[in-house]
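**Student:** Got a structure for you, questions after.
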Amino acid sequence: MIEILQYEFMQRAFIAGIMVAVTCPLIGIFIVLKRLSMIGDTLSHASLAGIAAGMLWGFYPFWGALAFSVTGAIAIEKLRKTFSKYEEISNSIILSTGIGLAVVMIGLAKGFNTDLMGYLFGSIAAVNSQDIYIMSALSLVIILSVIVLYKKLFYIAFDEEGAQISGISVDFLNIYLTILTALTVVVSMRIVGVFMVSSMLVIPVAAAIQAGTGFIKTMILSVVFALISVVLGLILSYYLDIAPGGTIVLLSVLILLIVIFTKGIKKEK
Amino acid sequence: MDDIVLRGEEISFSYDGCKVLKDCSFIVKHGDFAAVVGSNGAGKSTLLKICLGLLKPDSGKVWLFGKVLDKFEAWEKIGYVPQRILTLNIGFPATVEEVVSAPLYAKKQNKKLSKQERESLIYKSLEQVGMESYRKRLIGRLSAGQQQRIFIAKALVSGPKLLFLDEPTTGIDNETEEDFYNLLNKLNKEDGITIVMVTHDYTDIKSMVSRVIQLNEGGIIDNIRKTEGGDKK
């Protein structure tokens, strides 16, 4: 462990990984409880279009990902009002638009390159100092927002009508949560990759929910599960030379299975 | 005039071009136990949602405590108990205490409450519904009747003067239903909370109800206050 921390790129990977492990479950718990688990997938595809735009026109792909995922987040909320009876349609529309734009722009940029693969599947070596600064700023916004708003977000997730009657600005907070989800996607894409961001938003939360405890404890437990997956995943991916995104996600699935198995044994007793 | 806590005037509402409510007018006075009754699809829940500002009527107005709904701000005076069966995801990871405390974080004035004051309000509202020993239990692991009591405690925590309930006994067995109605009667008679309850069948609570708002095909055909000396408006 000490040995791998001697390398600067590994230090950056761990710092980035810890930010992913904290922010993903903090936002994931609300989107899971609101039954919006697909939104992570949708916004990560929107961010892929932003990454492709950055590569095509030569600007920093992070900015592209940020702009496209936040625009996607706002568009999802607007479309949800248009298709109020089929709300999931809004996710499909933005996901399709994102992947369509990404494919066209990747084509115009003359295909794949190593950097793009890093964004798609996650990469330890690719995290640079500029990424860390932006990820830190976004993580700070996400964590502070959750600290300030978690009681209201909890109420909306539990009983949206009740929250509205109590005087909470439900429409505003729903849009804000979707924007926070977009920021979380951007924070996570460097380490776990665009294709697996959604898993980090959902799986640690799913495992924590299985543990059957109150809201705050579930939130803390989901962060602990995500931290275990990310730290172990980065170590394994370094020593085994495998993609960090896939390793982290598989470890979080393993934790979920262990929790379900342990719960099953306890029930039988 | 001052004791009118809820007034609806010529409310009309249509859904996808289909008229659900037509020129509905009614009043509820302080201390009433009002039952909103009518057949399925008569627009009872729609009327309740309009009164709470969750739906906007095509025409007509609602007043709460003498203020027109758009300008009404004292939402802590209002409690709302939804249909449990439609609302609760039984796997939701929350303790009874977390659920009941939620409305206390909704309004700015409640931010001034100390931790002890919050805990005392939570305890008091749980005590009102006889569930004070269930604070740390998970909401999803309670029986249907207990869950509905917790929903009432949540509605009571901010000290409401007017409590709306939307078919609160859906999915609850007969025995629990009776206990539940007795609880509502106690809140109305002893704690002085005005109650407006949507129900499809009010035969079981006839003796408790002081006002009946009868909806028939979208229009109110009766808004009668029952008194010992005979019915009056």
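In the structure tokens, the first chain shown is A, the next is B, and so on; residue numbers restart at 1 for each chain, and ligands run from 1 in the order shown.
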Residues of chain B within 10 Å of chain A, counting only C-alpha atoms - could you list those as a VMD selection string?

**Tutor:** chain B and resid 49 52 to 54 73 to 82 87 to 89 91 to 108 136 to 141 154 to 155 158

**Student:** Which of stretch 59-230 of chain B counts as strand (DSSP E) under DSSP, as a ChimeraX atom specification please?

**Tutor:** /B:59-64,67-68,78-81,162-166,194-198,211-216,219-225

**Student:** I'd like the contact shell of A:Val202 - 12 Å cut-off, only C-alpha atoms, skipping same-chain residues fewer than 2 positions apart - returned as a ChimeraX atom specification.

**Tutor:** /A:21,23-41,181,196-200,204-209,219,222-223,225-226,249,252-253,256

**Student:** Would you save the residues from that selection as a PDB file, in the first residue's frame, using C-alpha atoms?

**Tutor:**
ATOM      1  CA  ALA A  21     -16.792   7.161  -3.127  1.00  0.00           C
ATOM      2  CA  THR A  23     -20.207  11.936  -3.645  1.00  0.00           C
ATOM      3  CA  CYS A  24     -21.816   9.035  -5.553  1.00  0.00           C
ATOM      4  CA  PRO A  25     -23.729   7.490  -2.617  1.00  0.00           C
ATOM      5  CA  LEU A  26     -24.623  10.907  -1.161  1.00  0.00           C
ATOM      6  CA  ILE A  27     -26.509  11.735  -4.354  1.00  0.00           C
ATOM      7  CA  GLY A  28     -27.302   8.124  -5.275  1.00  0.00           C
ATOM      8  CA  ILE A  29     -29.411   7.563  -2.156  1.00  0.00           C
ATOM      9  CA  PHE A  30     -31.889  10.236  -3.235  1.00  0.00           C
ATOM     10  CA  ILE A  31     -32.139   9.111  -6.836  1.00  0.00           C
ATOM     11  CA  VAL A  32     -32.572   5.471  -5.793  1.00  0.00           C
ATOM     12  CA  LEU A  33     -35.304   6.345  -3.276  1.00  0.00           C
ATOM     13  CA  LYS A  34     -37.035   8.531  -5.873  1.00  0.00           C
ATOM     14  CA  ARG A  35     -36.851   5.535  -8.257  1.00  0.00           C
ATOM     15  CA  LEU A  36     -34.742   7.461 -10.742  1.00  0.00           C
ATOM     16  CA  SER A  37     -31.834   5.022 -10.904  1.00  0.00           C
ATOM     17  CA  MET A  38     -31.566   5.365 -14.695  1.00  0.00           C
ATOM     18  CA  ILE A  39     -30.753   9.054 -14.507  1.00  0.00           C
ATOM     19  CA  GLY A  40     -27.049   8.388 -13.872  1.00  0.00           C
ATOM     20  CA  ASP A  41     -26.832   6.409 -17.108  1.00  0.00           C
ATOM     21  CA  THR A 181     -26.392  14.249 -10.183  1.00  0.00           C
ATOM     22  CA  MET A 196     -19.985   2.683 -15.019  1.00  0.00           C
ATOM     23  CA  VAL A 197     -20.799   5.934 -13.223  1.00  0.00           C
ATOM     24  CA  SER A 198     -24.416   4.904 -12.838  1.00  0.00           C
ATOM     25  CA  SER A 199     -23.374   1.723 -11.001  1.00  0.00           C
ATOM     26  CA  MET A 200     -21.522   3.739  -8.371  1.00  0.00           C
ATOM     27  CA  PRO A 204     -23.475   0.967  -2.776  1.00  0.00           C
ATOM     28  CA  VAL A 205     -26.884   2.470  -1.917  1.00  0.00           C
ATOM     29  CA  ALA A 206     -28.658  -0.774  -2.840  1.00  0.00           C
ATOM     30  CA  ALA A 207     -26.292  -2.700  -0.528  1.00  0.00           C
ATOM     31  CA  ALA A 208     -26.815  -0.222   2.324  1.00  0.00           C
ATOM     32  CA  ILE A 209     -30.614  -0.394   1.936  1.00  0.00           C
ATOM     33  CA  MET A 219     -26.374   7.032   3.884  1.00  0.00           C
ATOM     34  CA  SER A 222     -23.411   3.412   1.495  1.00  0.00           C
ATOM     35  CA  VAL A 223     -20.396   5.767   1.651  1.00  0.00           C
ATOM     36  CA  PHE A 225     -19.317   0.445   1.009  1.00  0.00           C
ATOM     37  CA  ALA A 226     -18.292   2.778  -1.819  1.00  0.00           C
ATOM     38  CA  VAL A 249     -17.991  -1.800  -9.870  1.00  0.00           C
ATOM     39  CA  SER A 252     -19.353  -3.078  -5.137  1.00  0.00           C
ATOM     40  CA  VAL A 253     -21.519  -5.833  -6.645  1.00  0.00           C
ATOM     41  CA  LEU A 256     -24.026  -6.173  -2.350  1.00  0.00           C
TER      42      LEU A 256
END

**Student:** From stretch 3-213 of chain A, collect each residue whose DSSP state is helix (DSSP H, G or I) and return the set as JSON, numbers by chain.

**Tutor:** {"A": [4, 5, 6, 8, 9, 10, 11, 12, 13, 14, 15, 16, 17, 18, 19, 20, 21, 22, 23, 24, 25, 26, 27, 28, 29, 30, 31, 32, 33, 39, 40, 41, 42, 43, 44, 45, 46, 47, 48, 49, 50, 51, 52, 53, 54, 55, 56, 57, 61, 62, 63, 64, 65, 66, 67, 68, 69, 70, 71, 72, 73, 74, 75, 76, 77, 78, 79, 80, 81, 82, 88, 89, 90, 91, 92, 93, 94, 95, 96, 97, 98, 99, 100, 101, 102, 103, 104, 105, 106, 107, 108, 114, 115, 116, 117, 118, 119, 120, 121, 129, 130, 131, 132, 133, 134, 135, 136, 137, 138, 139, 140, 141, 142, 143, 144, 145, 146, 147, 148, 149, 150, 151, 152, 153, 154, 155, 156, 157, 158, 160, 161, 162, 163, 164, 165, 170, 171, 172, 173, 174, 175, 176, 177, 178, 179, 180, 181, 182, 183, 184, 185, 186, 187, 188, 189, 190, 191, 192, 194, 195, 196, 197, 198, 199, 200, 201, 202, 203, 204, 205, 206, 207, 208, 209, 210]}

**Student:** Which of these residues is nearest to B:Ile224, using only C-alpha atoms: B:Glu132, B:Asp32, B:Glu190, B:Asp58?

**Tutor:**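 Going through B:Glu132, B:Asp32, B:Glu190, B:Asp58 one by one, the smallest distance to B:Ile224 is for B:Asp32.
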
**Student:** Mind checking which residues fall within 10 Å of B:Asn182, counting only C-alpha atoms, ignoring those fewer than 5 positions away in the same chain, and posting them as a count of residues only?

**Tutor:** 6

**Student:** Write out as a PyMOL selection string each polymer residue whose atoms come within 10 Å of B:Val37, counting only C-alpha atoms; drop sequence neighbours fewer than 4 positions from it.

**Tutor:** chain B and resi 42-45+167+197-202+212-216+220+222

**Student:** Would you mind exporting the chosen residues as a short mmCIF file (atom, residue, chain, number, x, y, z; two decimals), in the first residue's frame, restricted to all heavy atoms?

**Tutor:**
data_model
loop_
_atom_site.label_atom_id
_atom_site.label_comp_id
_atom_site.auth_asym_id
_atom_site.auth_seq_id
_atom_site.Cartn_x
_atom_site.Cartn_y
_atom_site.Cartn_z
N ALA B 42 -65.96 10.54 -8.21
CA ALA B 42 -66.78 11.75 -8.02
C ALA B 42 -65.92 13.00 -7.88
O ALA B 42 -66.43 14.12 -7.94
CB ALA B 42 -67.68 11.59 -6.80
N GLY B 43 -64.62 12.82 -7.67
CA GLY B 43 -63.71 13.98 -7.59
C GLY B 43 -63.33 14.35 -6.16
O GLY B 43 -62.84 15.46 -5.92
N LYS B 44 -63.50 13.42 -5.22
CA LYS B 44 -63.23 13.72 -3.80
C LYS B 44 -61.75 14.06 -3.57
O LYS B 44 -61.42 15.09 -2.99
CB LYS B 44 -63.58 12.51 -2.91
CG LYS B 44 -65.00 12.00 -3.07
CD LYS B 44 -65.28 10.87 -2.12
CE LYS B 44 -64.50 9.60 -2.36
NZ LYS B 44 -64.87 8.83 -3.55
N SER B 45 -60.86 13.18 -4.04
CA SER B 45 -59.42 13.40 -3.83
C SER B 45 -58.94 14.62 -4.61
O SER B 45 -58.08 15.37 -4.15
CB SER B 45 -58.61 12.18 -4.26
OG SER B 45 -58.93 11.10 -3.42
N GLU B 167 -58.75 9.28 2.16
CA GLU B 167 -59.07 7.85 2.33
C GLU B 167 -58.00 7.15 3.18
O GLU B 167 -57.32 6.23 2.71
CB GLU B 167 -59.19 7.16 0.95
CG GLU B 167 -60.19 7.87 0.06
CD GLU B 167 -61.09 6.94 -0.73
OE1 GLU B 167 -61.29 5.80 -0.30
OE2 GLU B 167 -61.61 7.40 -1.76
N MET B 197 -61.96 14.82 5.93
CA MET B 197 -61.53 13.48 5.51
C MET B 197 -62.31 12.99 4.29
O MET B 197 -63.54 12.98 4.29
CB MET B 197 -61.74 12.49 6.66
CG MET B 197 -61.26 11.10 6.32
SD MET B 197 -61.19 10.03 7.77
CE MET B 197 -62.85 9.46 7.83
N VAL B 198 -61.55 12.61 3.27
CA VAL B 198 -62.16 12.01 2.09
C VAL B 198 -62.41 10.54 2.40
O VAL B 198 -61.53 9.84 2.89
CB VAL B 198 -61.21 12.13 0.87
CG1 VAL B 198 -61.66 11.21 -0.25
CG2 VAL B 198 -61.15 13.56 0.40
N THR B 199 -63.62 10.09 2.18
CA THR B 199 -63.92 8.66 2.41
C THR B 199 -65.01 8.22 1.43
O THR B 199 -65.89 9.00 1.05
CB THR B 199 -64.35 8.43 3.88
OG1 THR B 199 -64.69 7.07 4.04
CG2 THR B 199 -65.53 9.31 4.29
N HIS B 200 -64.92 6.97 1.00
CA HIS B 200 -65.94 6.50 0.06
C HIS B 200 -67.16 5.95 0.82
O HIS B 200 -68.23 5.80 0.27
CB HIS B 200 -65.38 5.46 -0.91
CG HIS B 200 -64.87 4.24 -0.24
ND1 HIS B 200 -63.62 4.18 0.32
CD2 HIS B 200 -65.44 3.04 0.00
CE1 HIS B 200 -63.44 2.99 0.85
NE2 HIS B 200 -64.54 2.29 0.68
N ASP B 201 -66.96 5.66 2.11
CA ASP B 201 -68.06 5.11 2.89
C ASP B 201 -67.96 5.65 4.32
O ASP B 201 -67.00 5.35 5.02
CB ASP B 201 -67.95 3.58 2.87
CG ASP B 201 -69.04 2.94 3.73
OD1 ASP B 201 -70.00 3.65 4.09
OD2 ASP B 201 -68.90 1.74 4.04
N TYR B 202 -68.95 6.42 4.72
CA TYR B 202 -68.81 7.01 6.04
C TYR B 202 -69.83 6.45 7.05
O TYR B 202 -70.06 7.01 8.09
CB TYR B 202 -68.83 8.54 5.95
CG TYR B 202 -70.17 9.22 5.94
CD1 TYR B 202 -70.56 10.02 7.03
CD2 TYR B 202 -71.03 9.09 4.87
CE1 TYR B 202 -71.77 10.67 7.03
CE2 TYR B 202 -72.24 9.74 4.86
CZ TYR B 202 -72.62 10.53 5.93
OH TYR B 202 -73.83 11.18 5.94
N VAL B 212 -71.01 17.04 6.41
CA VAL B 212 -70.88 16.15 5.26
C VAL B 212 -70.82 16.99 3.98
O VAL B 212 -71.67 17.85 3.76
CB VAL B 212 -72.07 15.17 5.16
CG1 VAL B 212 -71.94 14.29 3.93
CG2 VAL B 212 -72.17 14.32 6.41
N ILE B 213 -69.77 16.76 3.21
CA ILE B 213 -69.67 17.42 1.89
C ILE B 213 -69.88 16.30 0.87
O ILE B 213 -69.00 15.47 0.66
CB ILE B 213 -68.29 18.10 1.72
CG1 ILE B 213 -68.12 19.21 2.76
CG2 ILE B 213 -68.13 18.65 0.30
CD1 ILE B 213 -66.72 19.81 2.84
N GLN B 214 -71.06 16.27 0.31
CA GLN B 214 -71.43 15.16 -0.57
C GLN B 214 -71.20 15.55 -2.02
O GLN B 214 -71.79 16.53 -2.51
CB GLN B 214 -72.91 14.82 -0.34
CG GLN B 214 -73.53 13.88 -1.34
CD GLN B 214 -73.49 12.43 -0.90
OE1 GLN B 214 -73.80 12.14 0.26
NE2 GLN B 214 -73.12 11.54 -1.79
N LEU B 215 -70.33 14.81 -2.70
CA LEU B 215 -70.05 15.09 -4.11
C LEU B 215 -70.84 14.11 -4.97
O LEU B 215 -70.85 12.91 -4.70
CB LEU B 215 -68.57 14.91 -4.41
CG LEU B 215 -67.63 16.04 -4.02
CD1 LEU B 215 -66.20 15.58 -4.16
CD2 LEU B 215 -67.86 17.26 -4.87
N ASN B 216 -71.42 14.65 -6.00
CA ASN B 216 -72.15 13.78 -6.90
C ASN B 216 -71.88 14.22 -8.33
O ASN B 216 -72.22 15.34 -8.70
CB ASN B 216 -73.64 13.84 -6.58
CG ASN B 216 -74.41 12.78 -7.32
OD1 ASN B 216 -73.81 11.82 -7.82
ND2 ASN B 216 -75.71 12.94 -7.39
N ILE B 220 -71.12 19.53 -5.84
CA ILE B 220 -71.50 19.29 -4.45
C ILE B 220 -73.01 19.38 -4.33
O ILE B 220 -73.61 20.37 -4.73
CB ILE B 220 -70.80 20.30 -3.52
CG1 ILE B 220 -69.33 19.93 -3.45
CG2 ILE B 220 -71.43 20.29 -2.13
CD1 ILE B 220 -68.49 20.90 -2.67
N ASP B 222 -74.52 18.57 -1.34
CA ASP B 222 -74.82 18.85 0.06
C ASP B 222 -73.59 19.35 0.78
O ASP B 222 -72.50 18.82 0.59
CB ASP B 222 -75.29 17.57 0.75
CG ASP B 222 -76.79 17.57 0.94
OD1 ASP B 222 -77.35 18.67 1.01
OD2 ASP B 222 -77.36 16.48 0.99
#

**Student:** Using only C-alpha atoms, which of the listed residues (A:Val103, A:Ile228, A:Lys81, A:Ser129) sits closest to A:Asn174?

**Tutor:**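 Among the listed residues, A:Lys81 lies closest to A:Asn174.
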